[in-house]
$ cat coords_34.pdb   # PDB, C-alpha atoms, pLDDT in the B column
MODEL        1
ATOM      1  CA  MET A   1     114.900  44.423 -35.443  1.00 51.00           C
ATOM      2  CA  THR A   2     114.763  42.592 -38.721  1.00 56.00           C
ATOM      3  CA  THR A   3     116.805  44.155 -41.495  1.00 62.00           C
ATOM      4  CA  GLN A   4     116.952  42.256 -44.704  1.00 66.00           C
ATOM      5  CA  ILE A   5     120.577  41.905 -45.675  1.00 68.00           C
ATOM      6  CA  ASP A   6     121.359  39.985 -48.831  1.00 74.00           C
ATOM      7  CA  PRO A   7     124.364  37.875 -47.802  1.00 73.00           C
ATOM      8  CA  LEU A   8     125.766  37.797 -51.301  1.00 73.00           C
ATOM      9  CA  THR A   9     125.537  41.427 -52.305  1.00 78.00           C
ATOM     10  CA  ALA A  10     125.646  43.366 -49.042  1.00 81.00           C
ATOM     11  CA  PRO A  11     128.906  45.286 -48.693  1.00 86.00           C
ATOM     12  CA  LEU A  12     131.501  43.320 -46.777  1.00 86.00           C
ATOM     13  CA  GLU A  13     131.937  46.108 -44.213  1.00 88.00           C
ATOM     14  CA  GLN A  14     128.250  45.945 -43.412  1.00 88.00           C
ATOM     15  CA  LEU A  15     128.437  42.196 -42.761  1.00 89.00           C
ATOM     16  CA  GLN A  16     131.500  42.663 -40.592  1.00 92.00           C
ATOM     17  CA  ALA A  17     129.893  45.493 -38.658  1.00 92.00           C
ATOM     18  CA  PHE A  18     126.798  43.380 -38.074  1.00 92.00           C
ATOM     19  CA  ARG A  19     128.900  40.473 -36.915  1.00 94.00           C
ATOM     20  CA  GLN A  20     130.832  42.754 -34.552  1.00 95.00           C
ATOM     21  CA  GLN A  21     127.558  43.977 -33.078  1.00 94.00           C
ATOM     22  CA  GLN A  22     126.295  40.419 -32.568  1.00 94.00           C
ATOM     23  CA  ALA A  23     129.604  39.399 -31.002  1.00 96.00           C
ATOM     24  CA  GLU A  24     129.262  42.284 -28.542  1.00 96.00           C
ATOM     25  CA  ASP A  25     125.744  41.118 -27.734  1.00 95.00           C
ATOM     26  CA  VAL A  26     127.143  37.682 -26.924  1.00 96.00           C
ATOM     27  CA  GLU A  27     129.639  39.280 -24.519  1.00 97.00           C
ATOM     28  CA  THR A  28     126.913  41.264 -22.787  1.00 95.00           C
ATOM     29  CA  ILE A  29     124.588  38.287 -22.467  1.00 96.00           C
ATOM     30  CA  ALA A  30     127.391  36.055 -21.175  1.00 96.00           C
ATOM     31  CA  SER A  31     128.252  38.684 -18.579  1.00 96.00           C
ATOM     32  CA  SER A  32     124.630  38.978 -17.463  1.00 94.00           C
ATOM     33  CA  TYR A  33     124.512  35.209 -17.207  1.00 97.00           C
ATOM     34  CA  SER A  34     127.476  35.056 -14.827  1.00 97.00           C
ATOM     35  CA  GLN A  35     126.111  37.885 -12.719  1.00 95.00           C
ATOM     36  CA  LEU A  36     122.783  36.107 -12.336  1.00 95.00           C
ATOM     37  CA  LYS A  37     124.553  32.873 -11.554  1.00 97.00           C
ATOM     38  CA  ALA A  38     126.484  34.637  -8.772  1.00 97.00           C
ATOM     39  CA  VAL A  39     123.228  35.927  -7.285  1.00 95.00           C
ATOM     40  CA  GLN A  40     121.694  32.473  -7.485  1.00 97.00           C
ATOM     41  CA  SER A  41     124.646  31.008  -5.653  1.00 97.00           C
ATOM     42  CA  LYS A  42     124.174  33.580  -2.855  1.00 95.00           C
ATOM     43  CA  TYR A  43     120.586  32.433  -2.429  1.00 96.00           C
ATOM     44  CA  ASN A  44     121.804  28.863  -2.484  1.00 96.00           C
ATOM     45  CA  GLU A  45     124.200  29.687   0.348  1.00 95.00           C
ATOM     46  CA  GLY A  46     121.249  31.047   2.296  1.00 94.00           C
ATOM     47  CA  PHE A  47     119.302  27.881   1.633  1.00 95.00           C
ATOM     48  CA  GLN A  48     122.200  25.682   2.679  1.00 93.00           C
ATOM     49  CA  SER A  49     122.727  27.660   5.883  1.00 90.00           C
ATOM     50  CA  VAL A  50     119.112  27.291   6.930  1.00 90.00           C
ATOM     51  CA  GLN A  51     119.214  23.653   5.914  1.00 88.00           C
ATOM     52  CA  SER A  52     122.248  22.971   8.072  1.00 85.00           C
ATOM     53  CA  LEU A  53     120.570  24.568  11.092  1.00 80.00           C
ATOM     54  CA  THR A  54     117.994  21.820  11.218  1.00 74.00           C
ATOM     55  CA  LYS A  55     120.378  18.930  10.785  1.00 71.00           C
ATOM     56  CA  PRO A  56     120.840  16.939  13.952  1.00 64.00           C
ATOM     57  CA  ASN A  57     124.433  17.278  15.025  1.00 65.00           C
ATOM     58  CA  GLU A  58     125.796  14.129  16.594  1.00 56.00           C
ATOM     59  CA  GLY A  59     122.649  13.408  18.596  1.00 55.00           C
ATOM     60  CA  GLU A  60     122.197  17.113  19.429  1.00 58.00           C
ATOM     61  CA  LEU A  61     119.173  18.709  17.820  1.00 57.00           C
ATOM     62  CA  ALA A  62     119.522  22.343  16.772  1.00 61.00           C
ATOM     63  CA  ASN A  63     116.937  24.387  18.645  1.00 67.00           C
ATOM     64  CA  VAL A  64     116.170  26.828  15.919  1.00 76.00           C
ATOM     65  CA  ASP A  65     112.713  27.624  14.705  1.00 83.00           C
ATOM     66  CA  HIS A  66     113.055  31.182  13.363  1.00 87.00           C
ATOM     67  CA  VAL A  67     115.674  32.897  11.231  1.00 90.00           C
ATOM     68  CA  ILE A  68     115.992  36.434   9.955  1.00 92.00           C
ATOM     69  CA  VAL A  69     116.165  36.707   6.177  1.00 94.00           C
ATOM     70  CA  ASP A  70     117.518  39.577   4.068  1.00 94.00           C
ATOM     71  CA  VAL A  71     114.682  40.482   1.718  1.00 94.00           C
ATOM     72  CA  GLY A  72     116.363  43.419   0.022  1.00 92.00           C
ATOM     73  CA  THR A  73     116.675  47.212   0.229  1.00 94.00           C
ATOM     74  CA  GLY A  74     117.963  46.952   3.790  1.00 94.00           C
ATOM     75  CA  TYR A  75     114.935  45.111   5.154  1.00 96.00           C
ATOM     76  CA  PHE A  76     114.979  41.802   6.988  1.00 96.00           C
ATOM     77  CA  VAL A  77     112.082  39.574   7.933  1.00 95.00           C
ATOM     78  CA  SER A  78     111.944  36.850  10.541  1.00 93.00           C
ATOM     79  CA  LYS A  79     110.641  33.592   9.186  1.00 91.00           C
ATOM     80  CA  SER A  80     110.152  30.046  10.340  1.00 90.00           C
ATOM     81  CA  VAL A  81     112.880  27.731   9.141  1.00 90.00           C
ATOM     82  CA  SER A  82     110.576  26.104   6.609  1.00 90.00           C
ATOM     83  CA  ASP A  83     109.306  29.488   5.322  1.00 91.00           C
ATOM     84  CA  ALA A  84     112.906  30.647   4.968  1.00 93.00           C
ATOM     85  CA  LYS A  85     113.742  27.546   2.961  1.00 94.00           C
ATOM     86  CA  ASP A  86     110.718  28.177   0.738  1.00 94.00           C
ATOM     87  CA  TYR A  87     111.796  31.777   0.274  1.00 94.00           C
ATOM     88  CA  TYR A  88     115.267  30.808  -0.890  1.00 96.00           C
ATOM     89  CA  LYS A  89     114.002  27.974  -3.015  1.00 96.00           C
ATOM     90  CA  GLY A  90     111.572  30.379  -4.706  1.00 95.00           C
ATOM     91  CA  LYS A  91     114.376  32.809  -5.522  1.00 95.00           C
ATOM     92  CA  ILE A  92     116.639  30.029  -6.777  1.00 97.00           C
ATOM     93  CA  ASP A  93     113.920  28.668  -9.066  1.00 97.00           C
ATOM     94  CA  TYR A  94     113.009  32.123 -10.361  1.00 95.00           C
ATOM     95  CA  ILE A  95     116.613  32.840 -11.267  1.00 96.00           C
ATOM     96  CA  GLN A  96     116.950  29.436 -12.900  1.00 97.00           C
ATOM     97  CA  LYS A  97     114.104  30.337 -15.241  1.00 97.00           C
ATOM     98  CA  GLN A  98     115.903  33.572 -16.182  1.00 95.00           C
ATOM     99  CA  LEU A  99     119.170  31.674 -16.661  1.00 97.00           C
ATOM    100  CA  ASN A 100     117.502  29.171 -18.963  1.00 97.00           C
ATOM    101  CA  GLY A 101     116.093  31.956 -21.104  1.00 96.00           C
ATOM    102  CA  LEU A 102     119.479  33.688 -21.280  1.00 96.00           C
ATOM    103  CA  GLN A 103     121.178  30.433 -22.210  1.00 97.00           C
ATOM    104  CA  GLU A 104     118.846  30.002 -25.165  1.00 96.00           C
ATOM    105  CA  THR A 105     119.464  33.542 -26.361  1.00 96.00           C
ATOM    106  CA  LEU A 106     123.207  33.122 -25.862  1.00 96.00           C
ATOM    107  CA  THR A 107     123.353  29.924 -27.910  1.00 96.00           C
ATOM    108  CA  ASP A 108     121.238  31.476 -30.622  1.00 95.00           C
ATOM    109  CA  ARG A 109     123.347  34.641 -30.801  1.00 95.00           C
ATOM    110  CA  GLN A 110     126.609  32.686 -30.803  1.00 96.00           C
ATOM    111  CA  LYS A 111     125.367  30.590 -33.697  1.00 95.00           C
ATOM    112  CA  ARG A 112     124.576  33.786 -35.566  1.00 94.00           C
ATOM    113  CA  VAL A 113     128.132  35.026 -35.010  1.00 95.00           C
ATOM    114  CA  ASN A 114     129.546  31.713 -36.263  1.00 95.00           C
ATOM    115  CA  ASP A 115     127.319  31.748 -39.341  1.00 93.00           C
ATOM    116  CA  LEU A 116     128.322  35.332 -40.096  1.00 92.00           C
ATOM    117  CA  THR A 117     132.015  34.483 -39.725  1.00 94.00           C
ATOM    118  CA  GLU A 118     131.618  31.633 -42.218  1.00 93.00           C
ATOM    119  CA  LEU A 119     129.731  33.900 -44.575  1.00 91.00           C
ATOM    120  CA  ILE A 120     132.329  36.653 -44.354  1.00 91.00           C
ATOM    121  CA  ASN A 121     135.151  34.212 -45.086  1.00 92.00           C
ATOM    122  CA  LEU A 122     133.198  32.850 -48.029  1.00 89.00           C
ATOM    123  CA  ARG A 123     132.736  36.367 -49.400  1.00 88.00           C
ATOM    124  CA  ILE A 124     136.395  37.212 -48.925  1.00 89.00           C
ATOM    125  CA  ASN A 125     137.321  34.107 -50.910  1.00 89.00           C
ATOM    126  CA  MET A 126     134.800  34.939 -53.601  1.00 84.00           C
ATOM    127  CA  ASP A 127     136.269  38.432 -53.861  1.00 83.00           C
ATOM    128  CA  LYS A 128     139.825  37.048 -54.045  1.00 84.00           C
ATOM    129  CA  GLN A 129     138.848  34.646 -56.832  1.00 85.00           C
ATOM    130  CA  GLY A 130     137.090  37.429 -58.678  1.00 82.00           C
ATOM    131  CA  ALA A 131     140.177  39.635 -58.430  1.00 78.00           C
ATOM    132  CA  GLY A 132     142.372  36.694 -59.459  1.00 76.00           C
ATOM    133  CA  LYS A 133     140.287  36.113 -62.594  1.00 75.00           C
ATOM    134  CA  ALA A 134     140.366  39.793 -63.457  1.00 73.00           C
ATOM    135  CA  ALA A 135     144.150  39.867 -63.125  1.00 71.00           C
ATOM    136  CA  ALA A 136     144.626  36.701 -65.141  1.00 65.00           C
TER     137      ALA A 136
ATOM    138  CA  MET B   1     131.812  77.576 -42.810  1.00 65.00           C
ATOM    139  CA  SER B   2     135.169  76.147 -41.933  1.00 79.00           C
ATOM    140  CA  ALA B   3     136.510  72.736 -41.016  1.00 82.00           C
ATOM    141  CA  ALA B   4     136.771  73.976 -37.433  1.00 86.00           C
ATOM    142  CA  GLN B   5     133.071  74.790 -37.375  1.00 86.00           C
ATOM    143  CA  LEU B   6     132.188  71.349 -38.724  1.00 88.00           C
ATOM    144  CA  GLN B   7     134.382  69.777 -36.066  1.00 90.00           C
ATOM    145  CA  ALA B   8     132.701  71.835 -33.353  1.00 91.00           C
ATOM    146  CA  GLU B   9     129.263  70.685 -34.485  1.00 90.00           C
ATOM    147  CA  MET B  10     130.378  67.067 -34.544  1.00 92.00           C
ATOM    148  CA  THR B  11     131.772  67.386 -31.042  1.00 93.00           C
ATOM    149  CA  ALA B  12     128.494  68.926 -29.912  1.00 92.00           C
ATOM    150  CA  PHE B  13     126.673  65.912 -31.354  1.00 94.00           C
ATOM    151  CA  GLN B  14     128.985  63.472 -29.598  1.00 94.00           C
ATOM    152  CA  ASN B  15     128.408  65.292 -26.321  1.00 94.00           C
ATOM    153  CA  LEU B  16     124.657  64.992 -26.800  1.00 94.00           C
ATOM    154  CA  GLN B  17     125.124  61.273 -27.340  1.00 95.00           C
ATOM    155  CA  LYS B  18     127.194  60.964 -24.144  1.00 95.00           C
ATOM    156  CA  GLU B  19     124.621  62.838 -22.072  1.00 95.00           C
ATOM    157  CA  PHE B  20     121.863  60.748 -23.593  1.00 96.00           C
ATOM    158  CA  GLN B  21     123.661  57.552 -22.655  1.00 95.00           C
ATOM    159  CA  LYS B  22     124.023  58.772 -19.060  1.00 96.00           C
ATOM    160  CA  VAL B  23     120.307  59.361 -18.717  1.00 96.00           C
ATOM    161  CA  VAL B  24     119.505  55.996 -20.249  1.00 96.00           C
ATOM    162  CA  THR B  25     121.805  54.309 -17.736  1.00 96.00           C
ATOM    163  CA  SER B  26     120.196  56.190 -14.840  1.00 96.00           C
ATOM    164  CA  ARG B  27     116.814  55.045 -15.996  1.00 96.00           C
ATOM    165  CA  ALA B  28     117.979  51.424 -16.086  1.00 95.00           C
ATOM    166  CA  GLN B  29     119.317  51.725 -12.546  1.00 96.00           C
ATOM    167  CA  LEU B  30     116.020  53.154 -11.321  1.00 97.00           C
ATOM    168  CA  GLU B  31     114.210  50.311 -13.034  1.00 96.00           C
ATOM    169  CA  SER B  32     116.252  47.786 -11.091  1.00 94.00           C
ATOM    170  CA  GLN B  33     115.691  49.640  -7.806  1.00 96.00           C
ATOM    171  CA  LEU B  34     111.976  49.629  -8.535  1.00 97.00           C
ATOM    172  CA  LYS B  35     112.009  45.856  -9.055  1.00 95.00           C
ATOM    173  CA  GLU B  36     113.891  45.325  -5.801  1.00 95.00           C
ATOM    174  CA  ASN B  37     111.461  47.477  -3.826  1.00 97.00           C
ATOM    175  CA  GLU B  38     108.469  45.775  -5.417  1.00 96.00           C
ATOM    176  CA  MET B  39     109.845  42.411  -4.292  1.00 94.00           C
ATOM    177  CA  VAL B  40     110.157  43.717  -0.738  1.00 96.00           C
ATOM    178  CA  GLU B  41     106.592  45.036  -0.919  1.00 96.00           C
ATOM    179  CA  LYS B  42     105.432  41.585  -1.966  1.00 93.00           C
ATOM    180  CA  GLU B  43     107.392  40.014   0.881  1.00 92.00           C
ATOM    181  CA  PHE B  44     105.686  42.305   3.391  1.00 94.00           C
ATOM    182  CA  ASP B  45     102.271  41.471   1.968  1.00 93.00           C
ATOM    183  CA  LEU B  46     102.927  37.732   2.223  1.00 89.00           C
ATOM    184  CA  MET B  47     104.451  37.941   5.670  1.00 88.00           C
ATOM    185  CA  LYS B  48     102.909  35.883   8.456  1.00 84.00           C
ATOM    186  CA  ASP B  49     101.360  37.874  11.305  1.00 84.00           C
ATOM    187  CA  ASP B  50     103.811  36.610  13.881  1.00 82.00           C
ATOM    188  CA  ALA B  51     106.793  37.604  11.771  1.00 88.00           C
ATOM    189  CA  THR B  52     108.935  40.650  12.568  1.00 93.00           C
ATOM    190  CA  VAL B  53     110.449  43.227  10.268  1.00 95.00           C
ATOM    191  CA  TYR B  54     113.912  44.619  10.833  1.00 96.00           C
ATOM    192  CA  LYS B  55     115.752  47.406   9.065  1.00 95.00           C
ATOM    193  CA  LEU B  56     119.518  47.591   8.704  1.00 95.00           C
ATOM    194  CA  VAL B  57     120.561  50.985  10.019  1.00 94.00           C
ATOM    195  CA  GLY B  58     124.318  51.158   9.613  1.00 93.00           C
ATOM    196  CA  PRO B  59     125.614  47.965  11.282  1.00 93.00           C
ATOM    197  CA  VAL B  60     122.536  47.570  13.458  1.00 95.00           C
ATOM    198  CA  LEU B  61     119.354  45.604  12.807  1.00 93.00           C
ATOM    199  CA  VAL B  62     116.484  47.631  14.180  1.00 95.00           C
ATOM    200  CA  LYS B  63     113.011  46.235  14.711  1.00 95.00           C
ATOM    201  CA  GLN B  64     110.372  47.995  12.651  1.00 94.00           C
ATOM    202  CA  ASP B  65     106.648  48.214  12.834  1.00 93.00           C
ATOM    203  CA  ARG B  66     105.297  46.170   9.945  1.00 93.00           C
ATOM    204  CA  GLY B  67     102.773  48.813   8.882  1.00 93.00           C
ATOM    205  CA  GLU B  68     105.418  51.517   8.931  1.00 93.00           C
ATOM    206  CA  ALA B  69     107.813  49.415   6.866  1.00 95.00           C
ATOM    207  CA  GLN B  70     105.092  48.700   4.325  1.00 95.00           C
ATOM    208  CA  ALA B  71     104.230  52.395   4.091  1.00 96.00           C
ATOM    209  CA  ASN B  72     107.905  53.272   3.657  1.00 95.00           C
ATOM    210  CA  VAL B  73     108.384  50.836   0.825  1.00 96.00           C
ATOM    211  CA  LYS B  74     105.220  52.031  -0.895  1.00 97.00           C
ATOM    212  CA  LYS B  75     106.475  55.614  -0.665  1.00 97.00           C
ATOM    213  CA  ARG B  76     109.818  54.619  -2.133  1.00 97.00           C
ATOM    214  CA  ILE B  77     108.084  52.851  -4.998  1.00 97.00           C
ATOM    215  CA  GLU B  78     105.972  55.938  -5.772  1.00 98.00           C
ATOM    216  CA  PHE B  79     109.074  58.121  -5.711  1.00 98.00           C
ATOM    217  CA  ILE B  80     111.027  55.837  -8.023  1.00 97.00           C
ATOM    218  CA  LYS B  81     108.101  55.555 -10.442  1.00 97.00           C
ATOM    219  CA  ASN B  82     107.881  59.352 -10.654  1.00 97.00           C
ATOM    220  CA  GLU B  83     111.625  59.638 -11.213  1.00 97.00           C
ATOM    221  CA  ILE B  84     111.375  57.109 -14.015  1.00 97.00           C
ATOM    222  CA  LYS B  85     108.570  59.094 -15.655  1.00 97.00           C
ATOM    223  CA  ARG B  86     110.676  62.235 -15.414  1.00 97.00           C
ATOM    224  CA  LEU B  87     113.690  60.523 -16.977  1.00 97.00           C
ATOM    225  CA  GLU B  88     111.560  59.026 -19.714  1.00 96.00           C
ATOM    226  CA  LYS B  89     110.428  62.484 -20.738  1.00 97.00           C
ATOM    227  CA  GLN B  90     114.035  63.657 -20.647  1.00 96.00           C
ATOM    228  CA  ILE B  91     115.050  60.716 -22.824  1.00 96.00           C
ATOM    229  CA  LYS B  92     112.360  61.532 -25.365  1.00 96.00           C
ATOM    230  CA  ASP B  93     113.443  65.182 -25.513  1.00 96.00           C
ATOM    231  CA  MET B  94     117.132  64.322 -25.785  1.00 95.00           C
ATOM    232  CA  ASP B  95     116.381  61.804 -28.504  1.00 95.00           C
ATOM    233  CA  GLU B  96     114.695  64.520 -30.560  1.00 95.00           C
ATOM    234  CA  GLN B  97     117.585  66.924 -29.928  1.00 94.00           C
ATOM    235  CA  GLN B  98     120.081  64.296 -30.999  1.00 94.00           C
ATOM    236  CA  GLU B  99     118.180  63.547 -34.182  1.00 94.00           C
ATOM    237  CA  LYS B 100     118.009  67.237 -35.043  1.00 94.00           C
ATOM    238  CA  LYS B 101     121.727  67.708 -34.407  1.00 93.00           C
ATOM    239  CA  ARG B 102     122.553  64.610 -36.399  1.00 92.00           C
ATOM    240  CA  ARG B 103     120.703  65.962 -39.411  1.00 93.00           C
ATOM    241  CA  GLU B 104     122.418  69.343 -39.011  1.00 91.00           C
ATOM    242  CA  VAL B 105     125.843  67.724 -38.907  1.00 91.00           C
ATOM    243  CA  LEU B 106     125.027  65.577 -41.928  1.00 91.00           C
ATOM    244  CA  GLN B 107     123.982  68.631 -43.936  1.00 90.00           C
ATOM    245  CA  LEU B 108     127.121  70.510 -42.931  1.00 89.00           C
ATOM    246  CA  GLN B 109     129.265  67.533 -43.876  1.00 89.00           C
ATOM    247  CA  GLN B 110     127.701  67.289 -47.308  1.00 90.00           C
ATOM    248  CA  ALA B 111     127.995  71.022 -47.929  1.00 88.00           C
ATOM    249  CA  PHE B 112     131.608  70.916 -46.788  1.00 86.00           C
ATOM    250  CA  GLN B 113     132.447  67.964 -49.041  1.00 86.00           C
ATOM    251  CA  GLN B 114     130.834  69.669 -52.029  1.00 87.00           C
ATOM    252  CA  ARG B 115     132.892  72.799 -51.408  1.00 85.00           C
ATOM    253  CA  GLN B 116     136.039  70.682 -51.167  1.00 83.00           C
ATOM    254  CA  GLN B 117     135.284  69.091 -54.515  1.00 85.00           C
ATOM    255  CA  GLN B 118     134.651  72.499 -56.157  1.00 84.00           C
ATOM    256  CA  VAL B 119     137.938  73.845 -54.810  1.00 80.00           C
ATOM    257  CA  GLN B 120     139.806  70.827 -56.194  1.00 78.00           C
ATOM    258  CA  ALA B 121     138.134  70.950 -59.613  1.00 69.00           C
TER     259      ALA B 121
ENDMDL
END
$ encode --input "coords_34.pdb" --output "structure tokens"
Amino acid sequence: MTTQIDPLTAPLEQLQAFRQQQAEDVETIASSYSQLKAVQSKYNEGFQSVQSLTKPNEGELANVDHVIVDVGTGYFVSKSVSDAKDYYKGKIDYIQKQLNGLQETLTDRQKRVNDLTELINLRINMDKQGAGKAAA
Amino acid sequence: MSAAQLQAEMTAFQNLQKEFQKVVTSRAQLESQLKENEMVEKEFDLMKDDATVYKLVGPVLVKQDRGEAQANVKKRIEFIKNEIKRLEKQIKDMDEQQEKKRREVLQLQQAFQQRQQQVQA
């Protein structure tokens, strides 16, 4: 959505409303970001668990070759340890891509909010000065 | 046309908006279920032949036949896709209803304001 708003002549309420909307967007995006991060950390836990199964433990080698992995919607699939690791790694990388995209959008949106705040303050000052001159 | 009537129409519009929002949310939830099921479908397709599928039934992991599990997931996906189509139509209809109501309310508001001004003049 691109609406052309002239920063100098648009009504102040419109600028403030727009800023409010953008600020809400930032909240939503930040919340999505943390949710995704939580999911990624779950997959990381899975990866770590499988990883630790194959670590030799004080001269004793873990005798594990297959694990059962939660693949979603109530289904589980048995996989070799290395396939399981690949599975988790794949999920972790996929989420990282999403996180990177969100981060960009978040930064961009936050900058917009900051710019709008500056602009609104500038306009308020301009209005004050204008009123001051009129009163003088 | 009284202030009470105007208020009633505005409330009706707000209710339409609430209902609309509910349907939009449902659609989003279905979308996410669809994605999850599609990922499982992909997992089943990529599965090695010696791998086993299990389903969580309550607290118990029950072994499943791979073909059956694949068929089940495909059925679920079809179902969800149809539900989404149905909701999308509903959303389109509700959107039109909302727009119509919004215009009605706007007209009423303007007429009401004009009458107020005449009375005060």
$ atom_distance --input "coords_34.pdb" --atom1 "CA of Lys92 in chain B" --atom2 "CA of Leu106 in chain B"
21.2 Å
$ closest_atom_pairs --input "coords_34.pdb" --of "chain A" --to "chain B" --cutoff "7 Å" --atoms "all atoms listed in the file" --output "CSV"
residue,atom,partner,partner_atom,distance
A:Val71,CA,B:Val40,CA,6.1
A:Gly72,CA,B:Val40,CA,6.3
A:Thr73,CA,B:Asn37,CA,6.6
A:Gly74,CA,B:Leu56,CA,5.2
A:Tyr75,CA,B:Lys55,CA,4.6
A:Phe76,CA,B:Tyr54,CA,4.9
A:Val77,CA,B:Val53,CA,4.6
A:Ser78,CA,B:Thr52,CA,5.3
A:Lys79,CA,B:Ala51,CA,6.1
$ write_last_selection --input "coords_34.pdb" --atoms "C-alpha atoms" --output "tab-separated table (two decimals), in the coordinates of the input"
chain	number	residue	atom	x	y	z
A	71	VAL	CA	114.68	40.48	1.72
A	72	GLY	CA	116.36	43.42	0.02
A	73	THR	CA	116.68	47.21	0.23
A	74	GLY	CA	117.96	46.95	3.79
A	75	TYR	CA	114.94	45.11	5.15
A	76	PHE	CA	114.98	41.80	6.99
A	77	VAL	CA	112.08	39.57	7.93
A	78	SER	CA	111.94	36.85	10.54
A	79	LYS	CA	110.64	33.59	9.19
$ residues_around --input "coords_34.pdb" --residues "His66 in chain A" --least-positions-apart "2" --cutoff "10 Å" --atoms "only C-alpha atoms" --output "ChimeraX atom specification"
/A:50,63-64,68-69,78-84 /B:51
$ resolve_selection --input "coords_34.pdb" --expression "the PyMOL selection byres ((chain B and resi 8-22) around 9)" --output "list in words"
Ala3, Ala4, Gln5, Leu6, Gln7, Val23, Val24, Thr25, Ser26, Arg27, Gln90, Ile91, Met94, Asp95, Gln97, Gln98, Lys101, Arg102, Glu104, Val105 and Leu108 of chain B
$ residues_around --input "coords_34.pdb" --residues "Leu34 in chain B" --least-positions-apart "2" --cutoff "10 Å" --atoms "only C-alpha atoms" --output "list in words"
Ala28, Gln29, Leu30, Glu31, Ser32, Glu36, Asn37, Glu38, Met39, Val40, Arg76, Ile77, Glu78, Phe79, Ile80, Lys81 and Ile84 of chain B
$ decode --input "coords_34.pdb" --residues "range 8-19 of chain B" --atoms "N, CA, C and O atoms" --output "PDB file, in the first residue's frame"
ATOM      1  N   ALA B   8     -28.432   1.924  16.097  1.00  0.00           N
ATOM      2  CA  ALA B   8     -28.684   0.501  15.800  1.00  0.00           C
ATOM      3  C   ALA B   8     -27.948   0.082  14.531  1.00  0.00           C
ATOM      4  O   ALA B   8     -27.334  -0.983  14.468  1.00  0.00           O
ATOM      5  N   GLU B   9     -27.997   0.941  13.515  1.00  0.00           N
ATOM      6  CA  GLU B   9     -27.318   0.616  12.259  1.00  0.00           C
ATOM      7  C   GLU B   9     -25.815   0.534  12.465  1.00  0.00           C
ATOM      8  O   GLU B   9     -25.134  -0.347  11.916  1.00  0.00           O
ATOM      9  N   MET B  10     -25.284   1.449  13.267  1.00  0.00           N
ATOM     10  CA  MET B  10     -23.842   1.437  13.515  1.00  0.00           C
ATOM     11  C   MET B  10     -23.428   0.175  14.249  1.00  0.00           C
ATOM     12  O   MET B  10     -22.398  -0.420  13.957  1.00  0.00           O
ATOM     13  N   THR B  11     -24.265  -0.223  15.220  1.00  0.00           N
ATOM     14  CA  THR B  11     -23.979  -1.459  15.944  1.00  0.00           C
ATOM     15  C   THR B  11     -24.012  -2.655  14.996  1.00  0.00           C
ATOM     16  O   THR B  11     -23.152  -3.538  15.067  1.00  0.00           O
ATOM     17  N   ALA B  12     -24.993  -2.646  14.093  1.00  0.00           N
ATOM     18  CA  ALA B  12     -25.094  -3.733  13.120  1.00  0.00           C
ATOM     19  C   ALA B  12     -23.814  -3.811  12.294  1.00  0.00           C
ATOM     20  O   ALA B  12     -23.277  -4.892  12.044  1.00  0.00           O
ATOM     21  N   PHE B  13     -23.292  -2.645  11.899  1.00  0.00           N
ATOM     22  CA  PHE B  13     -22.061  -2.604  11.119  1.00  0.00           C
ATOM     23  C   PHE B  13     -20.889  -3.165  11.913  1.00  0.00           C
ATOM     24  O   PHE B  13     -20.091  -3.952  11.393  1.00  0.00           O
ATOM     25  N   GLN B  14     -20.805  -2.757  13.183  1.00  0.00           N
ATOM     26  CA  GLN B  14     -19.705  -3.249  14.020  1.00  0.00           C
ATOM     27  C   GLN B  14     -19.781  -4.758  14.178  1.00  0.00           C
ATOM     28  O   GLN B  14     -18.762  -5.443  14.183  1.00  0.00           O
ATOM     29  N   ASN B  15     -21.002  -5.277  14.310  1.00  0.00           N
ATOM     30  CA  ASN B  15     -21.164  -6.727  14.423  1.00  0.00           C
ATOM     31  C   ASN B  15     -20.694  -7.439  13.164  1.00  0.00           C
ATOM     32  O   ASN B  15     -20.038  -8.474  13.226  1.00  0.00           O
ATOM     33  N   LEU B  16     -21.018  -6.865  12.010  1.00  0.00           N
ATOM     34  CA  LEU B  16     -20.552  -7.423  10.745  1.00  0.00           C
ATOM     35  C   LEU B  16     -19.024  -7.472  10.740  1.00  0.00           C
ATOM     36  O   LEU B  16     -18.419  -8.458  10.332  1.00  0.00           O
ATOM     37  N   GLN B  17     -18.414  -6.394  11.208  1.00  0.00           N
ATOM     38  CA  GLN B  17     -16.958  -6.341  11.240  1.00  0.00           C
ATOM     39  C   GLN B  17     -16.389  -7.434  12.137  1.00  0.00           C
ATOM     40  O   GLN B  17     -15.404  -8.087  11.796  1.00  0.00           O
ATOM     41  N   LYS B  18     -17.027  -7.621  13.314  1.00  0.00           N
ATOM     42  CA  LYS B  18     -16.564  -8.664  14.247  1.00  0.00           C
ATOM     43  C   LYS B  18     -16.648 -10.039  13.616  1.00  0.00           C
ATOM     44  O   LYS B  18     -15.705 -10.830  13.686  1.00  0.00           O
ATOM     45  N   GLU B  19     -17.800 -10.331  13.003  1.00  0.00           N
ATOM     46  CA  GLU B  19     -17.993 -11.643  12.373  1.00  0.00           C
ATOM     47  C   GLU B  19     -16.966 -11.854  11.272  1.00  0.00           C
ATOM     48  O   GLU B  19     -16.396 -12.931  11.127  1.00  0.00           O
TER      49      GLU B  19
END
